$ cat start02.csv   # CSV, C-alpha atoms and all ligand atoms
chain,number,residue,atom,x,y,z
A,11,MET,CA,30.1,-5.7,-6.9
A,12,ASN,CA,31.9,-4.0,-4.0
A,13,ILE,CA,30.0,-3.8,-0.8
A,14,THR,CA,31.0,-2.2,2.5
A,15,GLU,CA,29.9,-4.2,5.4
A,16,THR,CA,29.6,-2.8,8.9
A,17,GLN,CA,31.0,-5.2,11.5
A,18,VAL,CA,28.3,-5.8,14.1
A,19,GLY,CA,28.5,-8.6,16.5
A,20,THR,CA,25.4,-10.5,17.5
A,21,PRO,CA,24.4,-11.1,21.1
A,22,ASP,CA,24.4,-14.6,22.7
A,23,TYR,CA,20.6,-14.8,22.6
A,24,TRP,CA,20.7,-14.5,18.8
A,25,ILE,CA,21.0,-18.1,17.5
A,26,THR,CA,20.5,-18.2,13.7
A,27,SER,CA,23.3,-20.1,12.1
A,28,LEU,CA,22.9,-23.7,10.9
A,29,ASP,CA,25.6,-24.9,13.3
A,30,GLY,CA,24.3,-22.7,16.2
A,31,VAL,CA,20.7,-24.0,15.8
A,32,LYS,CA,21.8,-27.6,15.6
A,33,LYS,CA,24.1,-27.4,18.5
A,34,TYR,CA,21.5,-25.6,20.6
A,35,LEU,CA,18.8,-28.2,19.8
A,36,GLU,CA,21.1,-31.2,20.5
A,37,GLN,CA,22.2,-29.8,23.8
A,38,ASN,CA,19.2,-28.1,25.3
A,39,VAL,CA,16.0,-29.9,24.4
A,40,LYS,CA,14.6,-32.3,27.0
A,41,LYS,CA,10.8,-31.6,27.0
A,42,GLY,CA,10.3,-31.5,23.3
A,43,LYS,CA,11.6,-33.7,20.5
A,44,VAL,CA,14.1,-32.8,17.8
A,45,PHE,CA,14.1,-34.7,14.5
A,46,THR,CA,15.4,-34.4,11.0
A,47,ALA,CA,12.4,-33.6,8.8
A,48,GLY,CA,14.2,-33.7,5.5
A,49,TYR,CA,17.1,-32.5,3.4
A,50,SER,CA,17.6,-29.5,1.2
A,51,ALA,CA,18.6,-29.6,-2.5
A,52,GLY,CA,22.2,-29.1,-1.4
A,53,GLY,CA,21.8,-32.1,1.0
A,54,ARG,CA,21.6,-30.1,4.2
A,55,GLU,CA,19.6,-31.3,7.1
A,56,ILE,CA,16.2,-29.6,7.9
A,57,LEU,CA,15.7,-29.8,11.6
A,58,ALA,CA,12.4,-29.7,13.4
A,59,TYR,CA,11.4,-29.3,17.0
A,60,ALA,CA,8.1,-30.6,18.4
A,61,TYR,CA,6.6,-29.6,21.8
A,62,GLY,CA,3.5,-31.3,23.3
A,63,GLU,CA,2.0,-34.7,22.4
A,64,LYS,CA,0.8,-35.4,18.9
A,65,GLU,CA,-2.9,-36.4,18.9
A,66,ASP,CA,-3.0,-39.1,16.2
A,67,LEU,CA,-6.6,-39.2,15.2
A,68,PRO,CA,-7.5,-41.3,12.2
A,69,GLN,CA,-7.8,-39.7,8.8
A,70,THR,CA,-11.0,-40.9,7.2
A,71,VAL,CA,-11.5,-38.3,4.6
A,72,SER,CA,-9.6,-35.8,2.4
A,73,LEU,CA,-9.7,-32.2,3.2
A,74,SER,CA,-11.3,-31.6,-0.2
A,75,SER,CA,-14.2,-34.0,0.3
A,76,ALA,CA,-14.7,-32.9,3.9
A,77,TRP,CA,-14.8,-29.3,2.8
A,78,ALA,CA,-17.2,-30.1,0.0
A,79,ALA,CA,-19.4,-32.0,2.5
A,80,ARG,CA,-19.4,-28.7,4.5
A,81,LYS,CA,-17.9,-30.6,7.4
A,82,PRO,CA,-14.2,-29.7,7.4
A,83,GLU,CA,-14.0,-30.9,11.0
A,84,LEU,CA,-14.1,-34.5,9.6
A,85,TYR,CA,-10.6,-33.8,8.3
A,86,THR,CA,-9.2,-31.5,11.0
A,87,ARG,CA,-10.8,-33.5,13.8
A,88,ALA,CA,-10.8,-30.2,15.7
A,89,PRO,CA,-13.9,-31.0,18.0
A,90,GLU,CA,-12.2,-34.2,19.2
A,91,ARG,CA,-8.8,-32.7,19.9
A,92,LYS,CA,-7.7,-31.7,23.3
A,93,LYS,CA,-5.0,-29.3,22.2
A,94,LEU,CA,-4.6,-26.7,19.5
A,95,SER,CA,-1.8,-27.1,17.1
A,96,LEU,CA,0.5,-24.5,15.7
A,97,PHE,CA,3.2,-25.0,13.0
A,98,ILE,CA,5.9,-22.3,12.6
A,99,TYR,CA,8.7,-22.3,10.1
A,100,GLY,CA,11.5,-19.7,9.5
A,101,ALA,CA,13.9,-18.8,6.8
A,102,ILE,CA,12.4,-20.3,3.7
A,103,HIS,CA,14.3,-17.4,2.3
A,104,GLY,CA,17.7,-18.1,3.8
A,105,ALA,CA,18.7,-14.6,4.8
A,106,GLU,CA,15.4,-14.0,6.6
A,107,ILE,CA,16.6,-15.3,10.0
A,108,GLU,CA,15.0,-12.8,12.3
A,109,GLY,CA,12.1,-15.2,12.9
A,110,THR,CA,14.6,-18.0,13.6
A,111,ALA,CA,16.1,-15.8,16.3
A,112,GLY,CA,12.6,-15.3,17.9
A,113,LEU,CA,11.8,-19.0,17.5
A,114,MET,CA,15.0,-20.1,19.3
A,115,ASN,CA,14.0,-17.8,22.2
A,116,MET,CA,10.5,-19.4,22.3
A,117,ILE,CA,12.0,-22.9,22.3
A,118,ASN,CA,14.2,-21.9,25.3
A,119,LEU,CA,11.1,-20.6,27.1
A,120,LEU,CA,9.3,-23.9,26.5
A,121,GLU,CA,12.3,-25.9,27.6
A,122,HIS,CA,13.7,-23.9,30.5
A,123,GLY,CA,11.0,-21.3,31.5
A,124,LEU,CA,13.2,-18.4,30.4
A,125,ASP,CA,14.0,-16.9,27.0
A,126,LEU,CA,17.7,-16.8,25.9
A,127,ARG,CA,18.0,-13.4,27.5
A,128,GLY,CA,17.1,-14.9,30.8
A,129,ARG,CA,13.6,-13.4,30.9
A,130,LYS,CA,10.4,-15.0,32.1
A,131,ASN,CA,7.2,-14.9,30.0
A,132,GLU,CA,4.5,-16.4,32.0
A,133,SER,CA,1.7,-15.4,29.6
A,134,LEU,CA,3.3,-17.2,26.7
A,135,LEU,CA,4.1,-20.3,28.7
A,136,LYS,CA,0.5,-20.4,30.0
A,137,LEU,CA,-0.9,-20.4,26.5
A,138,ALA,CA,1.6,-23.1,25.4
A,139,GLU,CA,-0.1,-25.5,27.8
A,140,ASP,CA,-3.0,-25.6,25.4
A,141,TYR,CA,-0.9,-26.3,22.3
A,142,ARG,CA,1.2,-28.7,20.4
A,143,ILE,CA,3.8,-26.6,18.7
A,144,VAL,CA,6.0,-27.7,15.8
A,145,ILE,CA,8.9,-25.4,14.7
A,146,VAL,CA,11.2,-25.6,11.8
A,147,PRO,CA,13.7,-22.9,12.6
A,148,ILE,CA,15.5,-22.9,9.2
A,149,SER,CA,13.4,-24.5,6.4
A,150,GLN,CA,15.8,-23.6,3.5
A,151,PRO,CA,19.3,-24.3,4.8
A,152,ASP,CA,21.1,-23.9,1.4
A,153,GLY,CA,20.3,-20.2,1.3
A,154,ARG,CA,21.2,-19.9,5.0
A,155,ALA,CA,24.6,-21.4,4.3
A,156,ARG,CA,25.2,-18.9,1.5
A,157,PHE,CA,24.2,-16.0,3.8
A,158,ARG,CA,27.6,-15.9,5.6
A,159,ARG,CA,26.4,-13.5,8.3
A,160,ASN,CA,24.3,-13.9,11.5
A,161,SER,CA,22.4,-10.6,11.1
A,162,LEU,CA,21.7,-7.6,8.9
A,163,VAL,CA,21.1,-5.2,11.8
A,164,GLY,CA,22.8,-1.9,11.0
A,165,GLN,CA,23.8,-2.9,7.4
A,166,SER,CA,23.2,-1.0,4.2
A,167,LEU,CA,20.7,-2.0,1.6
A,168,ASP,CA,23.6,-3.0,-0.7
A,169,VAL,CA,24.6,-5.7,1.8
A,170,PHE,CA,21.0,-6.8,2.0
A,171,GLN,CA,20.8,-7.0,-1.8
A,172,TYR,CA,24.1,-8.9,-2.1
A,173,TYR,CA,23.1,-11.7,0.4
A,174,ALA,CA,19.3,-11.8,0.1
A,175,HIS,CA,18.8,-11.5,-3.7
A,176,GLY,CA,22.3,-11.9,-5.1
A,177,VAL,CA,24.6,-10.5,-7.7
A,178,TRP,CA,25.3,-11.7,-11.2
A,179,LYS,CA,28.8,-12.5,-12.5
A,180,ASP,CA,28.8,-9.2,-14.4
A,181,GLY,CA,28.4,-7.4,-11.1
A,182,SER,CA,24.8,-6.3,-11.5
A,183,PRO,CA,22.3,-7.0,-8.8
A,184,CYS,CA,19.7,-9.7,-9.2
A,185,LYS,CA,16.6,-7.6,-8.4
A,186,TYR,CA,13.4,-8.5,-6.7
A,187,PRO,CA,10.8,-9.1,-8.2
A,188,TYR,CA,12.5,-9.6,-11.6
A,189,HIS,CA,14.2,-12.7,-10.4
A,190,LYS,CA,10.8,-14.4,-10.4
A,191,GLU,CA,10.7,-14.2,-14.2
A,192,VAL,CA,13.0,-17.2,-14.6
A,193,MET,CA,12.8,-20.3,-12.4
A,194,PRO,CA,15.1,-22.1,-11.7
A,195,LEU,CA,17.7,-19.4,-11.9
A,196,PRO,CA,20.9,-20.2,-13.8
A,197,VAL,CA,23.0,-20.8,-10.7
A,198,LYS,CA,26.3,-20.8,-12.6
A,199,ASP,CA,25.8,-17.2,-13.8
A,200,PHE,CA,26.0,-15.8,-10.3
A,201,GLU,CA,28.8,-14.2,-8.4
A,202,GLN,CA,26.6,-14.6,-5.3
A,203,LEU,CA,23.4,-16.5,-5.6
A,204,GLY,CA,20.9,-14.9,-3.2
A,205,ALA,CA,19.8,-16.7,-0.1
A,206,TYR,CA,16.3,-16.5,-1.4
A,207,PHE,CA,17.1,-19.6,-3.5
A,208,ASN,CA,18.1,-23.1,-2.7
A,209,ASP,CA,21.1,-24.7,-4.4
A,210,ASN,CA,18.9,-25.6,-7.4
A,211,GLY,CA,18.2,-21.8,-7.9
A,212,VAL,CA,14.6,-22.1,-6.8
A,213,ASN,CA,12.6,-19.8,-4.6
A,214,CYS,CA,10.4,-22.3,-2.7
A,215,GLN,CA,7.7,-19.7,-2.2
A,216,HIS,CA,6.9,-20.1,-5.9
A,217,ASP,CA,8.0,-23.7,-6.4
A,218,ASP,CA,6.8,-25.9,-9.3
A,219,PHE,CA,4.4,-27.4,-6.7
A,220,PHE,CA,2.9,-30.0,-9.0
A,221,GLY,CA,5.9,-30.8,-11.1
A,222,ASN,CA,9.6,-30.8,-10.2
A,223,ILE,CA,9.0,-29.9,-6.5
A,224,GLN,CA,12.0,-29.0,-4.4
A,225,PRO,CA,12.8,-31.1,-1.3
A,226,GLU,CA,12.4,-28.2,1.1
A,227,THR,CA,8.9,-27.6,-0.1
A,228,GLN,CA,8.1,-31.3,-0.1
A,229,THR,CA,9.3,-31.5,3.5
A,230,LEU,CA,7.0,-28.7,4.7
A,231,ILE,CA,4.0,-30.2,2.8
A,232,ARG,CA,4.6,-33.6,4.4
A,233,LEU,CA,5.0,-32.2,7.8
A,234,VAL,CA,1.8,-30.1,7.8
A,235,HIS,CA,-0.2,-32.9,6.2
A,236,GLU,CA,0.9,-35.2,9.0
A,237,GLU,CA,0.3,-32.6,11.7
A,238,ARG,CA,-2.9,-31.1,10.4
A,239,PRO,CA,-2.2,-27.9,12.5
A,240,ASP,CA,-4.9,-25.3,13.2
A,241,CYS,CA,-2.6,-22.5,12.1
A,242,ILE,CA,0.7,-22.2,10.2
A,243,LEU,CA,3.0,-19.2,10.5
A,244,SER,CA,5.7,-18.5,8.0
A,245,CYS,CA,8.4,-16.1,9.3
A,246,HIS,CA,9.8,-13.9,6.6
A,247,SER,CA,11.8,-10.7,6.8
A,248,CYS,CA,12.2,-7.7,4.6
A,249,GLU,CA,13.9,-4.3,4.4
A,250,ALA,CA,10.6,-2.5,5.4
A,251,ASP,CA,8.5,-2.1,8.5
A,252,PRO,CA,7.3,-5.3,10.3
A,253,GLY,CA,3.8,-6.7,10.0
A,254,MET,CA,1.5,-9.4,8.8
A,255,SER,CA,1.7,-9.7,5.1
A,256,THR,CA,-0.8,-10.1,2.3
A,257,PRO,CA,-3.4,-12.8,3.0
A,258,ALA,CA,-3.1,-16.0,0.9
A,259,ALA,CA,-5.0,-16.0,-2.4
A,260,SER,CA,-7.0,-19.1,-1.6
A,261,LEU,CA,-8.4,-18.0,1.8
A,262,GLN,CA,-12.1,-17.7,1.9
A,263,GLU,CA,-14.1,-15.0,3.6
A,264,GLU,CA,-14.0,-16.7,7.1
A,265,GLY,CA,-10.3,-17.3,7.0
A,266,LEU,CA,-9.6,-13.8,5.7
A,267,LEU,CA,-11.5,-12.3,8.5
A,268,MET,CA,-9.5,-14.4,11.0
A,269,GLU,CA,-6.3,-13.3,9.5
A,270,GLN,CA,-7.3,-9.7,9.7
A,271,GLN,CA,-8.3,-10.0,13.3
A,272,ILE,CA,-5.0,-11.6,14.2
A,273,ALA,CA,-3.1,-8.9,12.2
A,274,ILE,CA,-4.9,-6.2,14.2
A,275,SER,CA,-4.1,-7.9,17.5
A,276,VAL,CA,-0.5,-8.2,16.6
A,277,MET,CA,-0.2,-4.7,15.3
A,278,SER,CA,-2.0,-3.2,18.4
A,279,ARG,CA,0.2,-5.2,20.8
A,280,GLN,CA,3.4,-4.2,19.0
A,281,MET,CA,2.3,-0.5,18.9
A,282,ARG,CA,1.6,-0.6,22.6
A,283,GLU,CA,5.1,-2.0,23.2
A,284,ASN,CA,6.7,0.7,20.9
A,285,LEU,CA,7.9,-2.0,18.4
A,286,ARG,CA,7.1,0.2,15.5
A,287,PRO,CA,4.9,-2.1,13.3
A,288,TYR,CA,3.7,-1.0,9.9
A,289,HIS,CA,0.6,1.0,11.0
A,290,ARG,CA,-1.9,-0.4,8.6
A,291,VAL,CA,-3.4,-3.9,8.2
A,292,ASN,CA,-3.1,-5.3,4.7
A,293,LEU,CA,-6.6,-6.2,3.6
A,294,ARG,CA,-5.9,-7.1,-0.1
A,295,GLN,CA,-5.4,-10.8,-0.8
A,296,ALA,CA,-2.5,-11.9,-2.9
A,297,LYS,CA,-3.0,-12.0,-6.6
A,298,ALA,CA,-0.9,-15.2,-7.0
A,299,PHE,CA,-0.9,-18.4,-5.1
A,300,ILE,CA,2.2,-19.1,-3.1
A,301,LEU,CA,3.6,-21.7,-0.7
A,302,GLN,CA,1.0,-20.6,2.0
A,303,ASP,CA,-1.8,-21.6,-0.3
A,304,ILE,CA,-0.3,-25.0,-0.9
A,305,LEU,CA,0.2,-25.6,2.9
A,306,TYR,CA,-3.3,-24.5,3.5
A,307,MET,CA,-4.6,-27.0,1.0
A,308,ALA,CA,-2.3,-29.7,2.4
A,309,SER,CA,-3.5,-29.3,6.0
A,310,GLY,CA,-6.5,-27.0,6.4
A,311,ALA,CA,-4.5,-24.8,8.7
A,312,LEU,CA,-5.0,-21.0,8.7
A,313,PRO,CA,-1.9,-19.8,6.8
A,314,LEU,CA,-0.2,-16.7,8.1
A,315,LEU,CA,2.9,-14.9,6.9
A,316,TYR,CA,4.7,-12.3,9.0
A,317,GLU,CA,7.5,-10.0,7.8
A,318,PHE,CA,10.1,-9.2,10.4
A,319,PRO,CA,12.4,-6.3,9.8
A,320,HIS,CA,16.1,-7.0,9.0
A,321,GLY,CA,17.0,-3.9,11.0
A,322,CYS,CA,19.1,-2.5,8.1
A,323,GLU,CA,20.1,1.2,8.4
A,324,ASN,CA,17.0,2.4,6.5
A,325,ILE,CA,14.5,0.9,9.1
A,326,PRO,CA,16.6,0.4,12.3
A,327,PHE,CA,15.7,-2.3,14.8
A,328,THR,CA,17.9,-3.7,17.5
A,329,HIS,CA,18.4,-7.5,18.0
A,330,GLU,CA,16.5,-7.1,21.3
A,331,GLU,CA,13.5,-5.5,19.6
A,332,ILE,CA,13.4,-8.1,16.9
A,333,ILE,CA,13.2,-10.9,19.5
A,334,ASP,CA,10.4,-8.9,21.2
A,335,LEU,CA,8.6,-8.7,17.8
A,336,GLY,CA,8.8,-12.4,17.6
A,337,LEU,CA,7.6,-13.3,21.1
A,338,THR,CA,4.7,-10.8,20.9
A,339,LEU,CA,3.7,-12.2,17.5
A,340,PHE,CA,3.7,-15.8,18.7
A,341,GLU,CA,1.8,-14.9,21.9
A,342,GLU,CA,-0.9,-13.0,20.1
A,343,ILE,CA,-1.5,-15.8,17.6
A,344,MET,CA,-1.7,-18.3,20.4
A,345,SER,CA,-4.0,-16.1,22.4
A,346,TYR,CA,-6.3,-15.6,19.5
A,347,GLY,CA,-6.4,-19.4,18.9
A,348,LYS,CA,-7.2,-20.0,22.5
A,349,GLU,CA,-10.2,-17.7,22.3
A,350,THR,CA,-11.5,-18.9,18.9
A,351,ARG,CA,-9.9,-22.3,18.4
A,352,PHE,CA,-9.2,-20.9,14.9
A,353,ARG,CA,-12.8,-21.9,13.9
A,354,ASN,CA,-14.4,-21.6,11.5
A,355,ARG,CA,-11.7,-20.8,9.1
A,356,PHE,CA,-13.3,-22.5,6.0
B,1,ZN,ZN,10.7,-13.9,2.4

$ encode --input "start02.csv" --output "structure tokens" --more "lines below"
Ligand SMILES: [Zn+2]
Amino acid sequence: MNITETQVGTPDYWITSLDGVKKYLEQNVKKGKVFTAGYSAGGREILAYAYGEKEDLPQTVSLSSAWAARKPELYTRAPERKKLSLFIYGAIHGAEIEGTAGLMNMINLLEHGLDLRGRKNESLLKLAEDYRIVIVPISQPDGRARFRRNSLVGQSLDVFQYYAHGVWKDGSPCKYPYHKEVMPLPVKDFEQLGAYFNDNGVNCQHDDFFGNIQPETQTLIRLVHEERPDCILSCHSCEADPGMSTPAASLQEEGLLMEQQIAISVMSRQMRENLRPYHRVNLRQAKAFILQDILYMASGALPLLYEFPHGCENIPFTHEEIIDLGLTLFEEIMSYGKETRFRNRF
């Protein structure tokens, strides 16, 4: 398949490569902690950043039994905790690095009081005082390595298809959602395996959660089970307008309502700031369970999924605007959590 790529440079505040993220975290983090959370199928390091003290309260019950006892707080220990806890991960689909760019700007804010553009953000920093925040900037590094670019801003949908979903050896595109019909995909049959998939050809969003689970998925489950956060945000991207995506299938009425309230806050804020979000809140729950459901069951955290725009030529966004989408998203979620403490989400 021949694709024509437009050469677009990326600004210094746009850190999304595996090397760039690692170098930044090694050289710039003083207040938080950086650690290797796990390794991908291809043996690549999965790095995590943690800000704020972890409150290690004893685990005396499983989430399932606490929930069944109608006392989920026995598991979450929310009433005893001083701080709220937020867990955010990016790039489980390796070309979806717009959230990573926003997250690296938030880390710089937390570490140095300015984002990577040199701008202050007092409101976000004030909210962060009430939080422990754990960030995995690139949760599926195999796909990220195969996506040999730093951005899709200004690119055609052919370029998006080539890197995100991939191209078979016969030159035909590997199309969404048909690539979900076989898993793992036959990696050797690809000219370019899409960044959606790890080196085993698995889309972790639909992993074999109770069987041959992938190391990236296992890493996220272990992290959220240890953290027991109040809220989990998964940062995805697509070729359409930005917005909060379909609520997880397993959310109950209370959690669903919370997600809708957050989606409205985020959408309203981004409309006010002329960031062109998708103008409707998606009220229909997913028909199939996905990684968000598993992380919800593993931790009790409210599971959110946001779709950034890639900024391809069909739905243009600048790097600057994509960073603003991220920072407004993180701030609105934290603000909602401060008001409600994400209770009661069960
Ligand atoms: Zn995605």

$ residues_around --input "start02.csv" --residues "Phe299 (chain A)" --least-positions-apart "5" --cutoff "8 Å" --atoms "only C-alpha atoms" --output "CSV table (one decimal) with C-alpha atoms, in the coordinates of the input"
chain,number,residue,atom,x,y,z
A,258,ALA,CA,-3.1,-16.0,0.9
A,259,ALA,CA,-5.0,-16.0,-2.4
A,260,SER,CA,-7.0,-19.1,-1.6
A,304,ILE,CA,-0.3,-25.0,-0.9

$ closest_atom_pairs --input "start02.csv" --of "chain A" --to "ligand ZN 1 (chain B)" --cutoff "10 Å" --atoms "only C-alpha atoms and all ligand atoms" --output "JSON lines"
{"residue": "A:Gly100", "atom": "CA", "partner": "B:ZN1", "partner_atom": "ZN", "distance": 9.2}
{"residue": "A:Ala101", "atom": "CA", "partner": "B:ZN1", "partner_atom": "ZN", "distance": 7.3}
{"residue": "A:Ile102", "atom": "CA", "partner": "B:ZN1", "partner_atom": "ZN", "distance": 6.7}
{"residue": "A:His103", "atom": "CA", "partner": "B:ZN1", "partner_atom": "ZN", "distance": 5.0}
{"residue": "A:Gly104", "atom": "CA", "partner": "B:ZN1", "partner_atom": "ZN", "distance": 8.3}
{"residue": "A:Ala105", "atom": "CA", "partner": "B:ZN1", "partner_atom": "ZN", "distance": 8.4}
{"residue": "A:Glu106", "atom": "CA", "partner": "B:ZN1", "partner_atom": "ZN", "distance": 6.3}
{"residue": "A:Ile107", "atom": "CA", "partner": "B:ZN1", "partner_atom": "ZN", "distance": 9.7}
{"residue": "A:Ala174", "atom": "CA", "partner": "B:ZN1", "partner_atom": "ZN", "distance": 9.1}
{"residue": "A:Ala205", "atom": "CA", "partner": "B:ZN1", "partner_atom": "ZN", "distance": 9.8}
{"residue": "A:Tyr206", "atom": "CA", "partner": "B:ZN1", "partner_atom": "ZN", "distance": 7.2}
{"residue": "A:Asn213", "atom": "CA", "partner": "B:ZN1", "partner_atom": "ZN", "distance": 9.3}
{"residue": "A:Cys214", "atom": "CA", "partner": "B:ZN1", "partner_atom": "ZN", "distance": 9.8}
{"residue": "A:Gln215", "atom": "CA", "partner": "B:ZN1", "partner_atom": "ZN", "distance": 8.0}
{"residue": "A:Ser244", "atom": "CA", "partner": "B:ZN1", "partner_atom": "ZN", "distance": 8.8}
{"residue": "A:Cys245", "atom": "CA", "partner": "B:ZN1", "partner_atom": "ZN", "distance": 7.6}
{"residue": "A:His246", "atom": "CA", "partner": "B:ZN1", "partner_atom": "ZN", "distance": 4.3}
{"residue": "A:Ser247", "atom": "CA", "partner": "B:ZN1", "partner_atom": "ZN", "distance": 5.6}
{"residue": "A:Cys248", "atom": "CA", "partner": "B:ZN1", "partner_atom": "ZN", "distance": 6.7}
{"residue": "A:Leu315", "atom": "CA", "partner": "B:ZN1", "partner_atom": "ZN", "distance": 9.1}
{"residue": "A:Tyr316", "atom": "CA", "partner": "B:ZN1", "partner_atom": "ZN", "distance": 9.1}
{"residue": "A:Glu317", "atom": "CA", "partner": "B:ZN1", "partner_atom": "ZN", "distance": 7.4}
{"residue": "A:Phe318", "atom": "CA", "partner": "B:ZN1", "partner_atom": "ZN", "distance": 9.3}

$ closest_atom_pairs --input "start02.csv" --of "region 197-296 of chain A" --to "region 31-50 of chain A" --cutoff "8 Å" --atoms "only C-alpha atoms" --output "JSON lines"
{"residue": "A:Asn208", "atom": "CA", "partner": "A:Ser50", "partner_atom": "CA", "distance": 7.5}
{"residue": "A:Gln224", "atom": "CA", "partner": "A:Ser50", "partner_atom": "CA", "distance": 7.9}
{"residue": "A:Pro225", "atom": "CA", "partner": "A:Ser50", "partner_atom": "CA", "distance": 5.6}
{"residue": "A:Glu226", "atom": "CA", "partner": "A:Ser50", "partner_atom": "CA", "distance": 5.4}
{"residue": "A:Thr229", "atom": "CA", "partner": "A:Gly48", "partner_atom": "CA", "distance": 5.7}
{"residue": "A:Leu233", "atom": "CA", "partner": "A:Ala47", "partner_atom": "CA", "distance": 7.6}

$ residues_around --input "start02.csv" --residues "Gln280 (chain A)" --least-positions-apart "4" --cutoff "9 Å" --atoms "all atoms listed in the file" --output "CSV table (one decimal) with C-alpha atoms, keeping the file's coordinate frame"
chain,number,residue,atom,x,y,z
A,275,SER,CA,-4.1,-7.9,17.5
A,276,VAL,CA,-0.5,-8.2,16.6
A,284,ASN,CA,6.7,0.7,20.9
A,285,LEU,CA,7.9,-2.0,18.4
A,286,ARG,CA,7.1,0.2,15.5
A,287,PRO,CA,4.9,-2.1,13.3
A,334,ASP,CA,10.4,-8.9,21.2
A,335,LEU,CA,8.6,-8.7,17.8
A,338,THR,CA,4.7,-10.8,20.9
A,339,LEU,CA,3.7,-12.2,17.5

$ residues_near_point --input "start02.csv" --point "(23.8, -4.6, 1.3)" --cutoff "10 Å" --atoms "all atoms listed in the file" --output "ChimeraX atom specification"
/A:12-16,162,165-176,322-323

$ closest_residue --input "start02.csv" --among "A:Thr110, A:Ser27, A:Asn115, A:Thr70" --to "Arg156 (chain A)" --atoms "all atoms listed in the file"
A:Ser27

$ residues_around --input "start02.csv" --residues "region 136-140 of chain A" --least-positions-apart "2" --cutoff "7 Å" --atoms "all atoms listed in the file" --output "list in words"
Lys93, Leu94, Glu132, Ser133, Leu134, Met344 and Ser345 of chain A

$ atom_distance --input "start02.csv" --atom1 "CA of Ala298 (chain A)" --atom2 "CA of Gln271 (chain A)"
22.2 Å

$ residues_near_point --input "start02.csv" --point "(9.1, -26.5, 7.0)" --cutoff "10 Å" --atoms "only C-alpha atoms" --output "PyMOL selection string"
chain A and resi 47-48+56-58+97-102+144-150+226-234+242+244+305

$ atom_distance --input "start02.csv" --atom1 "CA of Arg54 (chain A)" --atom2 "CA of Arg154 (chain A)"
10.2 Å

$ atom_distance --input "start02.csv" --atom1 "CA of Asn118 (chain A)" --atom2 "CA of Ser161 (chain A)"
19.9 Å

$ residues_around --input "start02.csv" --residues "Gln295 (chain A)" --least-positions-apart "5" --cutoff "12 Å" --atoms "all atoms listed in the file" --output "ChimeraX atom specification"
/A:254-263,265-267,269-270,300,303,314

$ closest_residue --input "start02.csv" --among "A:Arg142, A:His329, A:Arg294, A:His235" --to "Glu63 (chain A)" --atoms "all atoms listed in the file"
A:Arg142

$ closest_residue --input "start02.csv" --among "A:Trp24, A:Ala273, A:Glu83, A:Pro252" --to "Leu113 (chain A)" --atoms "all atoms listed in the file"
A:Trp24
